[in-house]
Amino acid sequence: MRKSLVVGNWKMHGSLAGNVALLEAVKAGAAGVRADVALCVPYPYLAQAGTVLSGSKVAWGAQDVSEYESGAYTGEVSAAMLADLGCSCVIVGHSERRSFYGDTDAVVAAKFVAAQKAGLTPILCVGETLAERESGVTTAVVTRQLDAVLAAAGVSALKSAVVAYEPVWAIGTGKTASPQQAQEVHALIRARFAAEDAAIAQTTRILYGGSVKPANAQELFGQTDIDGGLIGGASLVAADFLAICAA
Ligand code: 13P
């Protein structure tokens with residue numbers, strides 16, 4: 001049985017002063033939730049998240065990581081630095097990184113490997129654009145994104161990783177994939193893993209992300225292969241995020 005996991009992705013939002021109430025509210029509210037809970041916050045707020053969330057059931061992590069261990073990479077942050085700050089997880093391959101910052105499948109795979117090497121759990125995002133869905137290549141795109149990581153890290157790496165299916169057309173648009181549409185892709189992701197190792201496929205947590213709200217969370221999370229959510233906008237409102245965690 002896979003334990004549910006709900007991860008908040010704040011994206012580029014927040015302020016030192018404003019974060020306190022949100023972090024405190026999530027910390028208090030999550031204590032009564034059965035699912036595992038984590039928050040991925042902007043780099044400058046990782047230390048603050050650590051201070052507030054330390055000792056609670058809420059884990060924290062970053063939204064991206066360098067594929068390199070150290071060196072002349074101005075502006076980059078290494079996985080070891082995130083581990084230093086108490087992070088336990090990091091998002092890799094978010095569609096916003098893939099589309100705005102040129103993260104290719106190979107770069108995402110290298111980031112995945114770098115994260116694991118430092119002891120972090122990578123949260124690997126995959127998903128198709130609207131144009132890709134409409135031209136019928138959803139399966140091909142998602143499989144290509146998964147295969148890059150399987151080739152670089154091997155299927156056993158999934159024992160300490162999380163996958164998130166985020167259809168790009170559903171992110172921040174208010175358009176959610178229907179529970180059936182999401183389940184279909186989640187099932188194909190699990191089948192891809194099962195082709196490598198059936199036992200690992202059964203235990204890998206696959207989250208859904210894209211306009212998850214308190215009103216649609218329960219039905220999405222009720223699908224056989226959906227093990228929780230990666231939450232953007234709604235993770236900025238404590239009551240909404242906690243309602244999704246409770247779902
Ligand atoms: P929204 O929940 O705002 O659609 O964002 C989803 C997402 O990209 C989470 O990583």
# chains A, B, ... in the order shown; residues from 1 in each chain; ligands from 1
>>> residues_near_ligand(ligand="ligand 1", cutoff="7 Å", atoms="only C-alpha atoms and all ligand atoms", output="JSON, numbers by chain")
{"A": [9, 94, 166, 170, 171, 172, 173, 174, 209, 210, 211, 212, 230, 231, 232, 233, 234]}
>>> write_last_selection(atoms="N, CA and C atoms", output="mmCIF file, in the first residue's frame")
data_model
loop_
_atom_site.group_PDB
_atom_site.id
_atom_site.type_symbol
_atom_site.label_atom_id
_atom_site.label_comp_id
_atom_site.auth_asym_id
_atom_site.auth_seq_id
_atom_site.Cartn_x
_atom_site.Cartn_y
_atom_site.Cartn_z
ATOM 1 N N ASN A 9 4.063 23.347 -3.919
ATOM 2 C CA ASN A 9 5.107 24.026 -4.687
ATOM 3 C C ASN A 9 4.742 25.503 -4.724
ATOM 4 N N HIS A 94 10.334 20.254 -13.484
ATOM 5 C CA HIS A 94 9.031 20.928 -13.545
ATOM 6 C C HIS A 94 8.857 21.519 -14.945
ATOM 7 N N GLU A 166 2.164 16.114 -14.393
ATOM 8 C CA GLU A 166 1.582 17.448 -14.458
ATOM 9 C C GLU A 166 1.333 17.817 -15.913
ATOM 10 N N ALA A 170 -2.793 22.004 -17.718
ATOM 11 C CA ALA A 170 -3.622 22.087 -16.504
ATOM 12 C C ALA A 170 -2.956 22.892 -15.399
ATOM 13 N N ILE A 171 -1.717 23.370 -15.643
ATOM 14 C CA ILE A 171 -0.977 24.067 -14.588
ATOM 15 C C ILE A 171 -1.356 25.536 -14.551
ATOM 16 N N GLY A 172 -1.933 25.940 -13.427
ATOM 17 C CA GLY A 172 -2.261 27.344 -13.221
ATOM 18 C C GLY A 172 -3.329 27.867 -14.158
ATOM 19 N N THR A 173 -4.012 26.983 -14.847
ATOM 20 C CA THR A 173 -4.994 27.408 -15.843
ATOM 21 C C THR A 173 -6.422 27.260 -15.333
ATOM 22 N N GLY A 174 -6.564 26.548 -14.205
ATOM 23 C CA GLY A 174 -7.908 26.256 -13.720
ATOM 24 C C GLY A 174 -8.515 25.061 -14.441
ATOM 25 N N GLY A 209 -0.511 16.749 -10.569
ATOM 26 C CA GLY A 209 -0.457 18.189 -10.354
ATOM 27 C C GLY A 209 -1.082 18.934 -11.516
ATOM 28 N N GLY A 210 -1.752 20.039 -11.206
ATOM 29 C CA GLY A 210 -2.389 20.857 -12.248
ATOM 30 C C GLY A 210 -3.766 21.266 -11.783
ATOM 31 N N SER A 211 -3.840 22.481 -11.207
ATOM 32 C CA SER A 211 -5.120 23.030 -10.751
ATOM 33 C C SER A 211 -5.855 22.121 -9.771
ATOM 34 N N VAL A 212 -5.093 21.477 -8.885
ATOM 35 C CA VAL A 212 -5.757 20.723 -7.808
ATOM 36 C C VAL A 212 -6.295 21.729 -6.787
ATOM 37 N N LEU A 230 0.785 17.333 -6.346
ATOM 38 C CA LEU A 230 1.788 18.408 -6.351
ATOM 39 C C LEU A 230 0.991 19.685 -6.599
ATOM 40 N N ILE A 231 0.965 20.547 -5.587
ATOM 41 C CA ILE A 231 -0.012 21.629 -5.538
ATOM 42 C C ILE A 231 0.669 22.976 -5.700
ATOM 43 N N GLY A 232 0.288 23.747 -6.694
ATOM 44 C CA GLY A 232 0.854 25.073 -6.893
ATOM 45 C C GLY A 232 0.042 26.130 -6.159
ATOM 46 N N GLY A 233 -0.809 26.829 -6.887
ATOM 47 C CA GLY A 233 -1.569 27.960 -6.344
ATOM 48 C C GLY A 233 -2.238 27.691 -4.995
ATOM 49 N N ALA A 234 -2.860 26.541 -4.869
ATOM 50 C CA ALA A 234 -3.602 26.256 -3.635
ATOM 51 C C ALA A 234 -2.679 26.020 -2.439
#
>>> residues_around(residues="Ala153 of chain A", least_positions_apart="4", cutoff="10 Å", atoms="only C-alpha atoms", output="list of chain:residue names")
A:Ala109, A:Ala110, A:Phe112, A:Val113, A:Ala114, A:Gln116, A:Asp147, A:Ala148, A:Val149, A:Ala157, A:Leu158
>>> select_by_dssp(residues="segment 68-199 of chain A", states="helix (DSSP H, G or I)", output="ChimeraX atom specification")
/A:79-84,95-100,105-117,130-134,138-153,155-160,168-170,179-194,198-199
>>> closest_residue(among="A:Leu130, A:Ala115, A:Leu5, A:Ala194", to="Lys175 of chain A", atoms="only C-alpha atoms")
A:Leu130
>>> closest_residue(among="A:Ser88, A:Asp36, A:Gln145, A:Glu184", to="Arg2 of chain A", atoms="only C-alpha atoms")
A:Asp36
>>> atom_distance(atom1="atom CA of Asp240 of chain A", atom2="atom CA of Ala35 of chain A")
15.1 Å
>>> residues_around(residues="Glu196 of chain A", least_positions_apart="5", cutoff="10 Å", atoms="only C-alpha atoms", output="count of residues only")
6
>>> select_by_dssp(residues="segment 19-245 of chain A", states="strand (DSSP E)", output="JSON, numbers by chain")
{"A": [36, 37, 38, 39, 40, 58, 59, 60, 61, 62, 89, 90, 91, 92, 121, 122, 123, 124, 125, 126, 162, 163, 164, 165, 205, 206, 207, 208, 209, 228, 229, 230, 231]}
